[in-house]
file structure-v4.tsv (TSV, N, CA and C atoms)
chain	number	residue	atom	x	y	z
A	1	MET	N	-5.38	13.91	-20.22
A	1	MET	CA	-4.09	13.88	-19.59
A	1	MET	C	-3.13	14.68	-20.42
A	2	LYS	N	-2.08	15.18	-19.78
A	2	LYS	CA	-1.08	15.99	-20.47
A	2	LYS	C	0.30	15.46	-20.15
A	3	GLY	N	1.17	15.52	-21.12
A	3	GLY	CA	2.53	15.06	-20.93
A	3	GLY	C	3.29	15.12	-22.23
A	4	ARG	N	4.45	14.49	-22.22
A	4	ARG	CA	5.29	14.48	-23.41
A	4	ARG	C	5.00	13.23	-24.22
A	5	ASP	N	4.74	13.42	-25.50
A	5	ASP	CA	4.55	12.31	-26.43
A	5	ASP	C	5.92	11.66	-26.62
A	6	LEU	N	6.08	10.42	-26.17
A	6	LEU	CA	7.38	9.76	-26.23
A	6	LEU	C	7.85	9.49	-27.65
A	7	ILE	N	6.94	9.38	-28.58
A	7	ILE	CA	7.34	9.12	-29.98
A	7	ILE	C	7.76	10.42	-30.64
A	8	ALA	N	6.93	11.45	-30.54
A	8	ALA	CA	7.23	12.72	-31.20
A	8	ALA	C	8.16	13.59	-30.35
A	9	GLY	N	8.20	13.34	-29.02
A	9	GLY	CA	9.06	14.11	-28.15
A	9	GLY	C	8.57	15.50	-27.82
A	10	ILE	N	7.31	15.79	-28.08
A	10	ILE	CA	6.77	17.12	-27.82
A	10	ILE	C	5.60	17.02	-26.83
A	11	PRO	N	5.29	18.12	-26.13
A	11	PRO	CA	4.14	18.10	-25.22
A	11	PRO	C	2.85	17.85	-25.99
A	12	ARG	N	1.94	17.13	-25.33
A	12	ARG	CA	0.68	16.78	-25.99
A	12	ARG	C	-0.37	16.53	-24.92
A	13	SER	N	-1.62	16.74	-25.28
A	13	SER	CA	-2.71	16.36	-24.39
A	13	SER	C	-3.57	15.33	-25.11
A	14	ALA	N	-4.15	14.44	-24.31
A	14	ALA	CA	-5.00	13.39	-24.87
A	14	ALA	C	-6.12	13.10	-23.87
A	15	THR	N	-7.23	12.63	-24.39
A	15	THR	CA	-8.33	12.23	-23.55
A	15	THR	C	-8.33	10.71	-23.46
A	16	ILE	N	-8.36	10.22	-22.23
A	16	ILE	CA	-8.42	8.77	-22.03
A	16	ILE	C	-9.64	8.47	-21.17
A	17	THR	N	-10.15	7.27	-21.31
A	17	THR	CA	-11.34	6.87	-20.57
A	17	THR	C	-10.95	6.17	-19.27
A	18	SER	N	-11.89	6.11	-18.35
A	18	SER	CA	-11.63	5.40	-17.11
A	18	SER	C	-11.38	3.91	-17.38
A	19	GLU	N	-12.01	3.38	-18.42
A	19	GLU	CA	-11.78	1.98	-18.79
A	19	GLU	C	-10.32	1.78	-19.23
A	20	GLU	N	-9.78	2.72	-19.98
A	20	GLU	CA	-8.38	2.62	-20.40
A	20	GLU	C	-7.44	2.70	-19.19
A	21	VAL	N	-7.77	3.52	-18.23
A	21	VAL	CA	-6.97	3.62	-17.02
A	21	VAL	C	-7.04	2.31	-16.25
A	22	ARG	N	-8.24	1.76	-16.07
A	22	ARG	CA	-8.40	0.47	-15.38
A	22	ARG	C	-7.59	-0.62	-16.07
A	23	GLU	N	-7.65	-0.65	-17.39
A	23	GLU	CA	-6.90	-1.67	-18.14
A	23	GLU	C	-5.40	-1.50	-17.95
A	24	ALA	N	-4.93	-0.26	-17.99
A	24	ALA	CA	-3.50	0.00	-17.82
A	24	ALA	C	-3.02	-0.37	-16.42
A	25	LEU	N	-3.90	-0.23	-15.43
A	25	LEU	CA	-3.50	-0.51	-14.04
A	25	LEU	C	-3.79	-1.94	-13.60
A	26	SER	N	-4.47	-2.72	-14.40
A	26	SER	CA	-4.89	-4.06	-13.96
A	26	SER	C	-3.71	-4.95	-13.57
A	27	GLU	N	-2.64	-4.94	-14.35
A	27	GLU	CA	-1.50	-5.80	-14.03
A	27	GLU	C	-0.77	-5.32	-12.76
A	28	PRO	N	-0.46	-4.02	-12.63
A	28	PRO	CA	0.17	-3.58	-11.37
A	28	PRO	C	-0.71	-3.82	-10.14
A	29	ILE	N	-2.02	-3.67	-10.29
A	29	ILE	CA	-2.93	-3.93	-9.17
A	29	ILE	C	-2.88	-5.40	-8.78
A	30	GLN	N	-2.82	-6.27	-9.76
A	30	GLN	CA	-2.73	-7.72	-9.47
A	30	GLN	C	-1.43	-8.04	-8.76
A	31	VAL	N	-0.34	-7.38	-9.14
A	31	VAL	CA	0.95	-7.58	-8.46
A	31	VAL	C	0.83	-7.16	-7.00
A	32	ILE	N	0.16	-6.04	-6.74
A	32	ILE	CA	-0.05	-5.58	-5.37
A	32	ILE	C	-0.87	-6.61	-4.59
A	33	LEU	N	-1.97	-7.08	-5.16
A	33	LEU	CA	-2.81	-8.07	-4.49
A	33	LEU	C	-2.04	-9.35	-4.18
A	34	ASP	N	-1.24	-9.81	-5.14
A	34	ASP	CA	-0.44	-11.02	-4.93
A	34	ASP	C	0.57	-10.82	-3.80
A	35	ALA	N	1.19	-9.64	-3.75
A	35	ALA	CA	2.16	-9.35	-2.70
A	35	ALA	C	1.49	-9.31	-1.33
A	36	VAL	N	0.31	-8.72	-1.26
A	36	VAL	CA	-0.43	-8.67	0.00
A	36	VAL	C	-0.76	-10.09	0.46
A	37	LYS	N	-1.25	-10.91	-0.44
A	37	LYS	CA	-1.62	-12.28	-0.10
A	37	LYS	C	-0.40	-13.10	0.34
A	38	ARG	N	0.72	-12.97	-0.39
A	38	ARG	CA	1.95	-13.69	0.00
A	38	ARG	C	2.41	-13.27	1.39
A	39	THR	N	2.33	-11.97	1.65
A	39	THR	CA	2.75	-11.46	2.95
A	39	THR	C	1.85	-12.01	4.05
A	40	LEU	N	0.55	-12.02	3.82
A	40	LEU	CA	-0.37	-12.55	4.82
A	40	LEU	C	-0.14	-14.04	5.07
A	41	GLU	N	0.22	-14.78	4.03
A	41	GLU	CA	0.47	-16.21	4.17
A	41	GLU	C	1.67	-16.51	5.07
A	42	THR	N	2.62	-15.59	5.14
A	42	THR	CA	3.84	-15.81	5.93
A	42	THR	C	3.86	-14.99	7.23
A	43	THR	N	2.73	-14.39	7.56
A	43	THR	CA	2.65	-13.56	8.76
A	43	THR	C	2.55	-14.43	10.01
A	44	ASP	N	3.27	-14.04	11.07
A	44	ASP	CA	3.22	-14.76	12.34
A	44	ASP	C	1.78	-14.81	12.87
A	45	PRO	N	1.43	-15.88	13.58
A	45	PRO	CA	0.06	-16.03	14.08
A	45	PRO	C	-0.41	-14.85	14.95
A	46	GLU	N	0.49	-14.29	15.76
A	46	GLU	CA	0.10	-13.18	16.63
A	46	GLU	C	-0.32	-11.96	15.81
A	47	LEU	N	0.44	-11.66	14.77
A	47	LEU	CA	0.12	-10.54	13.91
A	47	LEU	C	-1.14	-10.83	13.09
A	48	SER	N	-1.30	-12.07	12.67
A	48	SER	CA	-2.51	-12.45	11.93
A	48	SER	C	-3.75	-12.21	12.78
A	49	ALA	N	-3.66	-12.54	14.07
A	49	ALA	CA	-4.79	-12.31	14.97
A	49	ALA	C	-5.09	-10.82	15.06
A	50	ASP	N	-4.05	-9.99	15.15
A	50	ASP	CA	-4.26	-8.54	15.19
A	50	ASP	C	-4.91	-8.04	13.91
A	51	LEU	N	-4.48	-8.58	12.77
A	51	LEU	CA	-5.05	-8.16	11.49
A	51	LEU	C	-6.53	-8.52	11.42
A	52	ILE	N	-6.88	-9.68	11.93
A	52	ILE	CA	-8.28	-10.09	11.93
A	52	ILE	C	-9.10	-9.15	12.82
A	53	ASP	N	-8.53	-8.82	13.99
A	53	ASP	CA	-9.25	-7.96	14.94
A	53	ASP	C	-9.30	-6.50	14.52
A	54	ARG	N	-8.18	-5.99	13.99
A	54	ARG	CA	-8.07	-4.55	13.74
A	54	ARG	C	-8.02	-4.17	12.27
A	55	GLY	N	-7.75	-5.14	11.40
A	55	GLY	CA	-7.64	-4.83	9.98
A	55	GLY	C	-6.29	-4.25	9.64
A	56	MET	N	-6.17	-3.75	8.41
A	56	MET	CA	-4.90	-3.16	7.97
A	56	MET	C	-5.16	-1.75	7.46
A	57	THR	N	-4.09	-0.95	7.51
A	57	THR	CA	-4.16	0.42	7.05
A	57	THR	C	-3.19	0.59	5.89
A	58	LEU	N	-3.68	1.13	4.79
A	58	LEU	CA	-2.85	1.36	3.61
A	58	LEU	C	-2.23	2.75	3.68
A	59	CYS	N	-0.98	2.84	3.28
A	59	CYS	CA	-0.33	4.14	3.22
A	59	CYS	C	0.53	4.19	1.96
A	60	GLY	N	1.04	5.35	1.64
A	60	GLY	CA	1.82	5.53	0.43
A	60	GLY	C	0.93	5.88	-0.75
A	61	GLY	N	1.54	6.13	-1.87
A	61	GLY	CA	0.81	6.56	-3.06
A	61	GLY	C	-0.20	5.54	-3.56
A	62	GLY	N	0.10	4.25	-3.39
A	62	GLY	CA	-0.83	3.21	-3.84
A	62	GLY	C	-2.17	3.28	-3.13
A	63	ALA	N	-2.17	3.80	-1.90
A	63	ALA	CA	-3.41	3.91	-1.14
A	63	ALA	C	-4.37	4.91	-1.78
A	64	LEU	N	-3.85	5.76	-2.66
A	64	LEU	CA	-4.69	6.76	-3.33
A	64	LEU	C	-5.40	6.22	-4.56
A	65	LEU	N	-5.11	4.98	-4.94
A	65	LEU	CA	-5.81	4.38	-6.07
A	65	LEU	C	-7.26	4.13	-5.65
A	66	ARG	N	-8.18	4.75	-6.34
A	66	ARG	CA	-9.59	4.66	-5.96
A	66	ARG	C	-10.05	3.21	-5.92
A	67	GLY	N	-10.60	2.81	-4.78
A	67	GLY	CA	-11.17	1.47	-4.62
A	67	GLY	C	-10.17	0.41	-4.20
A	68	ILE	N	-8.89	0.74	-4.07
A	68	ILE	CA	-7.89	-0.28	-3.71
A	68	ILE	C	-8.20	-0.88	-2.34
A	69	ASP	N	-8.70	-0.06	-1.41
A	69	ASP	CA	-9.03	-0.57	-0.08
A	69	ASP	C	-10.16	-1.60	-0.17
A	70	ARG	N	-11.18	-1.32	-0.95
A	70	ARG	CA	-12.29	-2.26	-1.10
A	70	ARG	C	-11.85	-3.54	-1.80
A	71	LEU	N	-10.99	-3.41	-2.79
A	71	LEU	CA	-10.50	-4.59	-3.51
A	71	LEU	C	-9.68	-5.49	-2.60
A	72	ILE	N	-8.76	-4.91	-1.83
A	72	ILE	CA	-7.94	-5.71	-0.91
A	72	ILE	C	-8.82	-6.35	0.15
A	73	ALA	N	-9.81	-5.60	0.65
A	73	ALA	CA	-10.73	-6.16	1.65
A	73	ALA	C	-11.49	-7.35	1.06
A	74	LYS	N	-11.95	-7.22	-0.17
A	74	LYS	CA	-12.69	-8.30	-0.83
A	74	LYS	C	-11.81	-9.54	-1.01
A	75	GLU	N	-10.56	-9.31	-1.41
A	75	GLU	CA	-9.64	-10.43	-1.70
A	75	GLU	C	-9.11	-11.10	-0.44
A	76	THR	N	-9.03	-10.37	0.68
A	76	THR	CA	-8.42	-10.93	1.89
A	76	THR	C	-9.43	-11.23	2.99
A	77	GLY	N	-10.61	-10.61	2.92
A	77	GLY	CA	-11.58	-10.79	3.99
A	77	GLY	C	-11.28	-9.95	5.22
A	78	LEU	N	-10.30	-9.06	5.13
A	78	LEU	CA	-9.92	-8.20	6.24
A	78	LEU	C	-10.54	-6.82	6.10
A	79	THR	N	-10.64	-6.12	7.22
A	79	THR	CA	-11.03	-4.72	7.18
A	79	THR	C	-9.82	-3.93	6.68
A	80	VAL	N	-10.02	-3.06	5.72
A	80	VAL	CA	-8.93	-2.28	5.15
A	80	VAL	C	-9.33	-0.81	5.15
A	81	ARG	N	-8.44	0.02	5.68
A	81	ARG	CA	-8.70	1.47	5.69
A	81	ARG	C	-7.50	2.18	5.09
A	82	ILE	N	-7.70	3.42	4.74
A	82	ILE	CA	-6.63	4.24	4.19
A	82	ILE	C	-6.17	5.21	5.26
A	83	ALA	N	-4.85	5.31	5.44
A	83	ALA	CA	-4.28	6.21	6.44
A	83	ALA	C	-4.67	7.65	6.16
A	84	GLU	N	-4.76	8.41	7.22
A	84	GLU	CA	-4.95	9.85	7.06
A	84	GLU	C	-3.67	10.38	6.43
A	85	ASP	N	-3.78	11.11	5.36
A	85	ASP	CA	-2.63	11.64	4.62
A	85	ASP	C	-1.64	10.52	4.28
A	86	PRO	N	-2.07	9.56	3.45
A	86	PRO	CA	-1.25	8.38	3.18
A	86	PRO	C	0.12	8.68	2.56
A	87	LEU	N	0.26	9.80	1.88
A	87	LEU	CA	1.55	10.10	1.25
A	87	LEU	C	2.65	10.40	2.26
A	88	THR	N	2.28	10.90	3.44
A	88	THR	CA	3.31	11.22	4.43
A	88	THR	C	3.28	10.28	5.64
A	89	ALA	N	2.40	9.29	5.64
A	89	ALA	CA	2.22	8.41	6.80
A	89	ALA	C	3.52	7.68	7.18
A	90	VAL	N	4.24	7.16	6.21
A	90	VAL	CA	5.46	6.41	6.51
A	90	VAL	C	6.52	7.34	7.10
A	91	ALA	N	6.68	8.51	6.51
A	91	ALA	CA	7.67	9.46	7.02
A	91	ALA	C	7.30	9.92	8.43
A	92	ARG	N	6.02	10.18	8.69
A	92	ARG	CA	5.59	10.59	10.02
A	92	ARG	C	5.80	9.46	11.03
A	93	GLY	N	5.51	8.23	10.64
A	93	GLY	CA	5.71	7.08	11.53
A	93	GLY	C	7.17	6.86	11.83
A	94	THR	N	8.02	7.01	10.82
A	94	THR	CA	9.46	6.87	11.04
A	94	THR	C	9.95	7.96	11.99
A	95	GLY	N	9.46	9.16	11.81
A	95	GLY	CA	9.82	10.26	12.72
A	95	GLY	C	9.41	9.97	14.14
A	96	ALA	N	8.21	9.40	14.33
A	96	ALA	CA	7.74	9.06	15.67
A	96	ALA	C	8.63	8.01	16.31
A	97	VAL	N	9.05	7.01	15.52
A	97	VAL	CA	9.95	5.98	16.05
A	97	VAL	C	11.29	6.60	16.43
A	98	LEU	N	11.82	7.47	15.60
A	98	LEU	CA	13.10	8.11	15.91
A	98	LEU	C	13.02	8.95	17.17
A	99	GLU	N	11.89	9.60	17.40
A	99	GLU	CA	11.72	10.40	18.61
A	99	GLU	C	11.67	9.53	19.86
A	100	GLU	N	11.25	8.28	19.71
A	100	GLU	CA	11.13	7.35	20.84
A	100	GLU	C	12.15	6.22	20.74
A	101	LEU	N	13.26	6.47	20.09
A	101	LEU	CA	14.23	5.41	19.79
A	101	LEU	C	14.69	4.66	21.03
A	102	ASP	N	14.93	5.35	22.12
A	102	ASP	CA	15.36	4.66	23.33
A	102	ASP	C	14.32	3.66	23.82
A	103	ARG	N	13.04	4.01	23.70
A	103	ARG	CA	11.96	3.12	24.14
A	103	ARG	C	11.76	1.92	23.22
A	104	VAL	N	11.96	2.09	21.92
A	104	VAL	CA	11.65	1.01	20.96
A	104	VAL	C	12.89	0.28	20.46
A	105	LYS	N	14.05	0.64	20.97
A	105	LYS	CA	15.32	0.07	20.50
A	105	LYS	C	15.33	-1.46	20.54
A	106	ASP	N	14.85	-2.04	21.65
A	106	ASP	CA	14.85	-3.50	21.78
A	106	ASP	C	13.97	-4.17	20.73
A	107	MET	N	12.85	-3.56	20.42
A	107	MET	CA	11.96	-4.12	19.40
A	107	MET	C	12.61	-4.09	18.02
A	108	LEU	N	13.37	-3.04	17.74
A	108	LEU	CA	13.97	-2.88	16.42
A	108	LEU	C	15.20	-3.76	16.21
A	109	GLU	N	15.91	-4.08	17.27
A	109	GLU	CA	17.14	-4.87	17.13
A	109	GLU	C	16.86	-6.31	16.77
A	110	GLY	N	15.80	-6.90	17.27
A	110	GLY	CA	15.44	-8.27	16.93
A	110	GLY	C	16.39	-9.28	17.51
A	111	ASP	N	16.16	-10.55	17.20
A	111	ASP	CA	16.96	-11.65	17.71
A	111	ASP	C	18.08	-11.95	16.72
A	112	GLU	N	19.29	-12.03	17.22
A	112	GLU	CA	20.47	-12.23	16.35
A	112	GLU	C	20.65	-13.68	15.94
A	113	GLU	N	19.90	-14.62	16.52
A	113	GLU	CA	20.09	-16.05	16.24
A	113	GLU	C	19.62	-16.44	14.89

call {"tool": "encode", "arguments": {"input": "structure-v4.tsv", "output": "structure tokens"}}
result
Amino acid sequence: MKGRDLIAGIPRSATITSEEVREALSEPIQVILDAVKRTLETTDPELSADLIDRGMTLCGGGALLRGIDRLIAKETGLTVRIAEDPLTAVARGTGAVLEELDRVKDMLEGDEE
């Protein structure tokens, strides 16, 4: 890996092992797993049924973590897939909603009660 040495303040390269990477990411990965589980615990029954039938799709940079889909599937028992081009999936989905705003407006407004 290459970057700036924070102690010396100069550019430096270093070799790290995959084990060191796994160790460095273990805590953030656990935070992600805990958040997924908490979210599933509070999901409405209708959406839970859809998740069981169709699974979930990961998007964003976290979806690029090798094996994250398999780990979430193992921990939740759900089918998990990675979106095509996960880095732009959210932006493309938001664009699609904006293009159809008149059609989806009622869904987005929700209940005011």

call {"tool": "atom_distance", "arguments": {"input": "structure-v4.tsv", "atom1": "CA of Arg81 (chain A)", "atom2": "CA of Thr57 (chain A)"}}
result
4.9 Å

call {"tool": "atom_distance", "arguments": {"input": "structure-v4.tsv", "atom1": "CA of Glu75 (chain A)", "atom2": "CA of Thr17 (chain A)"}}
result
25.7 Å

call {"tool": "closest_residue", "arguments": {"input": "structure-v4.tsv", "among": "A:Leu87, A:Leu98, A:Ile72, A:Ile82", "to": "Lys37 (chain A)", "atoms": "only C-alpha atoms"}}
result
A:Ile72

call {"tool": "select_by_dssp", "arguments": {"input": "structure-v4.tsv", "residues": "chain A", "states": "helix (DSSP H, G or I)", "output": "compact mmCIF listing (two decimals) with N, CA and C atoms, in the coordinates of the input"}}
result
# COMPACT_ATOMS: atom_id res chain seq x y z
N SER A 18 -11.89 6.11 -18.35
CA SER A 18 -11.63 5.40 -17.11
C SER A 18 -11.38 3.91 -17.38
N GLU A 19 -12.01 3.38 -18.42
CA GLU A 19 -11.78 1.98 -18.79
C GLU A 19 -10.32 1.78 -19.23
N GLU A 20 -9.78 2.72 -19.98
CA GLU A 20 -8.38 2.62 -20.40
C GLU A 20 -7.44 2.70 -19.19
N VAL A 21 -7.77 3.52 -18.23
CA VAL A 21 -6.97 3.62 -17.02
C VAL A 21 -7.04 2.31 -16.25
N ARG A 22 -8.24 1.76 -16.07
CA ARG A 22 -8.40 0.47 -15.38
C ARG A 22 -7.59 -0.62 -16.07
N GLU A 23 -7.65 -0.65 -17.39
CA GLU A 23 -6.90 -1.67 -18.14
C GLU A 23 -5.40 -1.50 -17.95
N ALA A 24 -4.93 -0.26 -17.99
CA ALA A 24 -3.50 0.00 -17.82
C ALA A 24 -3.02 -0.37 -16.42
N LEU A 25 -3.90 -0.23 -15.43
CA LEU A 25 -3.50 -0.51 -14.04
C LEU A 25 -3.79 -1.94 -13.60
N SER A 26 -4.47 -2.72 -14.40
CA SER A 26 -4.89 -4.06 -13.96
C SER A 26 -3.71 -4.95 -13.57
N GLU A 27 -2.64 -4.94 -14.35
CA GLU A 27 -1.50 -5.80 -14.03
C GLU A 27 -0.77 -5.32 -12.76
N PRO A 28 -0.46 -4.02 -12.63
CA PRO A 28 0.17 -3.58 -11.37
C PRO A 28 -0.71 -3.82 -10.14
N ILE A 29 -2.02 -3.67 -10.29
CA ILE A 29 -2.93 -3.93 -9.17
C ILE A 29 -2.88 -5.40 -8.78
N GLN A 30 -2.82 -6.27 -9.76
CA GLN A 30 -2.73 -7.72 -9.47
C GLN A 30 -1.43 -8.04 -8.76
N VAL A 31 -0.34 -7.38 -9.14
CA VAL A 31 0.95 -7.58 -8.46
C VAL A 31 0.83 -7.16 -7.00
N ILE A 32 0.16 -6.04 -6.74
CA ILE A 32 -0.05 -5.58 -5.37
C ILE A 32 -0.87 -6.61 -4.59
N LEU A 33 -1.97 -7.08 -5.16
CA LEU A 33 -2.81 -8.07 -4.49
C LEU A 33 -2.04 -9.35 -4.18
N ASP A 34 -1.24 -9.81 -5.14
CA ASP A 34 -0.44 -11.02 -4.93
C ASP A 34 0.57 -10.82 -3.80
N ALA A 35 1.19 -9.64 -3.75
CA ALA A 35 2.16 -9.35 -2.70
C ALA A 35 1.49 -9.31 -1.33
N VAL A 36 0.31 -8.72 -1.26
CA VAL A 36 -0.43 -8.67 0.00
C VAL A 36 -0.76 -10.09 0.46
N LYS A 37 -1.25 -10.91 -0.44
CA LYS A 37 -1.62 -12.28 -0.10
C LYS A 37 -0.40 -13.10 0.34
N ARG A 38 0.72 -12.97 -0.39
CA ARG A 38 1.95 -13.69 0.00
C ARG A 38 2.41 -13.27 1.39
N THR A 39 2.33 -11.97 1.65
CA THR A 39 2.75 -11.46 2.95
C THR A 39 1.85 -12.01 4.05
N LEU A 40 0.55 -12.02 3.82
CA LEU A 40 -0.37 -12.55 4.82
C LEU A 40 -0.14 -14.04 5.07
N GLU A 41 0.22 -14.78 4.03
CA GLU A 41 0.47 -16.21 4.17
C GLU A 41 1.67 -16.51 5.07
N PRO A 45 1.43 -15.88 13.58
CA PRO A 45 0.06 -16.03 14.08
C PRO A 45 -0.41 -14.85 14.95
N GLU A 46 0.49 -14.29 15.76
CA GLU A 46 0.10 -13.18 16.63
C GLU A 46 -0.32 -11.96 15.81
N LEU A 47 0.44 -11.66 14.77
CA LEU A 47 0.12 -10.54 13.91
C LEU A 47 -1.14 -10.83 13.09
N SER A 48 -1.30 -12.07 12.67
CA SER A 48 -2.51 -12.45 11.93
C SER A 48 -3.75 -12.21 12.78
N ALA A 49 -3.66 -12.54 14.07
CA ALA A 49 -4.79 -12.31 14.97
C ALA A 49 -5.09 -10.82 15.06
N ASP A 50 -4.05 -9.99 15.15
CA ASP A 50 -4.26 -8.54 15.19
C ASP A 50 -4.91 -8.04 13.91
N LEU A 51 -4.48 -8.58 12.77
CA LEU A 51 -5.05 -8.16 11.49
C LEU A 51 -6.53 -8.52 11.42
N ILE A 52 -6.88 -9.68 11.93
CA ILE A 52 -8.28 -10.09 11.93
C ILE A 52 -9.10 -9.15 12.82
N ASP A 53 -8.53 -8.82 13.99
CA ASP A 53 -9.25 -7.96 14.94
C ASP A 53 -9.30 -6.50 14.52
N ARG A 54 -8.18 -5.99 13.99
CA ARG A 54 -8.07 -4.55 13.74
C ARG A 54 -8.02 -4.17 12.27
N GLY A 61 1.54 6.13 -1.87
CA GLY A 61 0.81 6.56 -3.06
C GLY A 61 -0.20 5.54 -3.56
N GLY A 62 0.10 4.25 -3.39
CA GLY A 62 -0.83 3.21 -3.84
C GLY A 62 -2.17 3.28 -3.13
N ALA A 63 -2.17 3.80 -1.90
CA ALA A 63 -3.41 3.91 -1.14
C ALA A 63 -4.37 4.91 -1.78
N LEU A 64 -3.85 5.76 -2.66
CA LEU A 64 -4.69 6.76 -3.33
C LEU A 64 -5.40 6.22 -4.56
N ILE A 68 -8.89 0.74 -4.07
CA ILE A 68 -7.89 -0.28 -3.71
C ILE A 68 -8.20 -0.88 -2.34
N ASP A 69 -8.70 -0.06 -1.41
CA ASP A 69 -9.03 -0.57 -0.08
C ASP A 69 -10.16 -1.60 -0.17
N ARG A 70 -11.18 -1.32 -0.95
CA ARG A 70 -12.29 -2.26 -1.10
C ARG A 70 -11.85 -3.54 -1.80
N LEU A 71 -10.99 -3.41 -2.79
CA LEU A 71 -10.50 -4.59 -3.51
C LEU A 71 -9.68 -5.49 -2.60
N ILE A 72 -8.76 -4.91 -1.83
CA ILE A 72 -7.94 -5.71 -0.91
C ILE A 72 -8.82 -6.35 0.15
N ALA A 73 -9.81 -5.60 0.65
CA ALA A 73 -10.73 -6.16 1.65
C ALA A 73 -11.49 -7.35 1.06
N LYS A 74 -11.95 -7.22 -0.17
CA LYS A 74 -12.69 -8.30 -0.83
C LYS A 74 -11.81 -9.54 -1.01
N GLU A 75 -10.56 -9.31 -1.41
CA GLU A 75 -9.64 -10.43 -1.70
C GLU A 75 -9.11 -11.10 -0.44
N THR A 76 -9.03 -10.37 0.68
CA THR A 76 -8.42 -10.93 1.89
C THR A 76 -9.43 -11.23 2.99
N ALA A 89 2.40 9.29 5.64
CA ALA A 89 2.22 8.41 6.80
C ALA A 89 3.52 7.68 7.18
N VAL A 90 4.24 7.16 6.21
CA VAL A 90 5.46 6.41 6.51
C VAL A 90 6.52 7.34 7.10
N ALA A 91 6.68 8.51 6.51
CA ALA A 91 7.67 9.46 7.02
C ALA A 91 7.30 9.92 8.43
N ARG A 92 6.02 10.18 8.69
CA ARG A 92 5.59 10.59 10.02
C ARG A 92 5.80 9.46 11.03
N GLY A 93 5.51 8.23 10.64
CA GLY A 93 5.71 7.08 11.53
C GLY A 93 7.17 6.86 11.83
N THR A 94 8.02 7.01 10.82
CA THR A 94 9.46 6.87 11.04
C THR A 94 9.95 7.96 11.99
N GLY A 95 9.46 9.16 11.81
CA GLY A 95 9.82 10.26 12.72
C GLY A 95 9.41 9.97 14.14
N ALA A 96 8.21 9.40 14.33
CA ALA A 96 7.74 9.06 15.67
C ALA A 96 8.63 8.01 16.31
N VAL A 97 9.05 7.01 15.52
CA VAL A 97 9.95 5.98 16.05
C VAL A 97 11.29 6.60 16.43
N LEU A 98 11.82 7.47 15.60
CA LEU A 98 13.10 8.11 15.91
C LEU A 98 13.02 8.95 17.17
N GLU A 99 11.89 9.60 17.40
CA GLU A 99 11.72 10.40 18.61
C GLU A 99 11.67 9.53 19.86
N LEU A 101 13.26 6.47 20.09
CA LEU A 101 14.23 5.41 19.79
C LEU A 101 14.69 4.66 21.03
N ASP A 102 14.93 5.35 22.12
CA ASP A 102 15.36 4.66 23.33
C ASP A 102 14.32 3.66 23.82
N ARG A 103 13.04 4.01 23.70
CA ARG A 103 11.96 3.12 24.14
C ARG A 103 11.76 1.92 23.22
N VAL A 104 11.96 2.09 21.92
CA VAL A 104 11.65 1.01 20.96
C VAL A 104 12.89 0.28 20.46
N LYS A 105 14.05 0.64 20.97
CA LYS A 105 15.32 0.07 20.50
C LYS A 105 15.33 -1.46 20.54
N ASP A 106 14.85 -2.04 21.65
CA ASP A 106 14.85 -3.50 21.78
C ASP A 106 13.97 -4.17 20.73
N MET A 107 12.85 -3.56 20.42
CA MET A 107 11.96 -4.12 19.40
C MET A 107 12.61 -4.09 18.02
N LEU A 108 13.37 -3.04 17.74
CA LEU A 108 13.97 -2.88 16.42
C LEU A 108 15.20 -3.76 16.21
N GLU A 109 15.91 -4.08 17.27
CA GLU A 109 17.14 -4.87 17.13
C GLU A 109 16.86 -6.31 16.77

call {"tool": "residues_around", "arguments": {"input": "structure-v4.tsv", "residues": "region 68-70 of chain A", "least_positions_apart": "4", "cutoff": "8 Å", "atoms": "only N, CA and C atoms", "output": "PyMOL selection string"}}
result
chain A and resi 58+62-64+74-76+79-82

call {"tool": "select_by_dssp", "arguments": {"input": "structure-v4.tsv", "residues": "chain A", "states": "strand (DSSP E or B)", "output": "number ranges by chain"}}
result
A: 2-4, 11-13, 56-58, 80-82

call {"tool": "atom_distance", "arguments": {"input": "structure-v4.tsv", "atom1": "atom N of Leu51 (chain A)", "atom2": "CA of Thr94 (chain A)"}}
result
20.9 Å

call {"tool": "closest_residue", "arguments": {"input": "structure-v4.tsv", "among": "A:Ala49, A:Glu100, A:Gly55, A:Leu71", "to": "Ser26 (chain A)", "atoms": "only C-alpha atoms"}}
result
A:Leu71

call {"tool": "closest_residue", "arguments": {"input": "structure-v4.tsv", "among": "A:Val104, A:Cys59, A:Ile10, A:Ile52", "to": "Pro86 (chain A)", "atoms": "only C-alpha atoms"}}
result
A:Cys59

call {"tool": "decode", "arguments": {"input": "structure-v4.tsv", "residues": "region 25-31 of chain A", "atoms": "N, CA and C atoms", "output": "PDB file, in the first residue's frame"}}
result
ATOM      1  N   LEU A  25     -10.262  -4.525   9.522  1.00  0.00           N
ATOM      2  CA  LEU A  25     -11.664  -4.337   9.132  1.00  0.00           C
ATOM      3  C   LEU A  25     -12.655  -5.088  10.013  1.00  0.00           C
ATOM      4  N   SER A  26     -12.186  -5.922  10.916  1.00  0.00           N
ATOM      5  CA  SER A  26     -13.106  -6.765  11.687  1.00  0.00           C
ATOM      6  C   SER A  26     -14.112  -5.951  12.500  1.00  0.00           C
ATOM      7  N   GLU A  27     -13.680  -4.887  13.149  1.00  0.00           N
ATOM      8  CA  GLU A  27     -14.610  -4.092  13.952  1.00  0.00           C
ATOM      9  C   GLU A  27     -15.622  -3.347  13.073  1.00  0.00           C
ATOM     10  N   PRO A  28     -15.196  -2.648  12.008  1.00  0.00           N
ATOM     11  CA  PRO A  28     -16.195  -2.002  11.147  1.00  0.00           C
ATOM     12  C   PRO A  28     -17.165  -2.999  10.505  1.00  0.00           C
ATOM     13  N   ILE A  29     -16.681  -4.181  10.152  1.00  0.00           N
ATOM     14  CA  ILE A  29     -17.559  -5.205   9.571  1.00  0.00           C
ATOM     15  C   ILE A  29     -18.598  -5.641  10.596  1.00  0.00           C
ATOM     16  N   GLN A  30     -18.187  -5.793  11.835  1.00  0.00           N
ATOM     17  CA  GLN A  30     -19.137  -6.183  12.892  1.00  0.00           C
ATOM     18  C   GLN A  30     -20.180  -5.094  13.098  1.00  0.00           C
ATOM     19  N   VAL A  31     -19.786  -3.837  13.009  1.00  0.00           N
ATOM     20  CA  VAL A  31     -20.739  -2.724  13.123  1.00  0.00           C
ATOM     21  C   VAL A  31     -21.770  -2.805  11.997  1.00  0.00           C
TER      22      VAL A  31
END
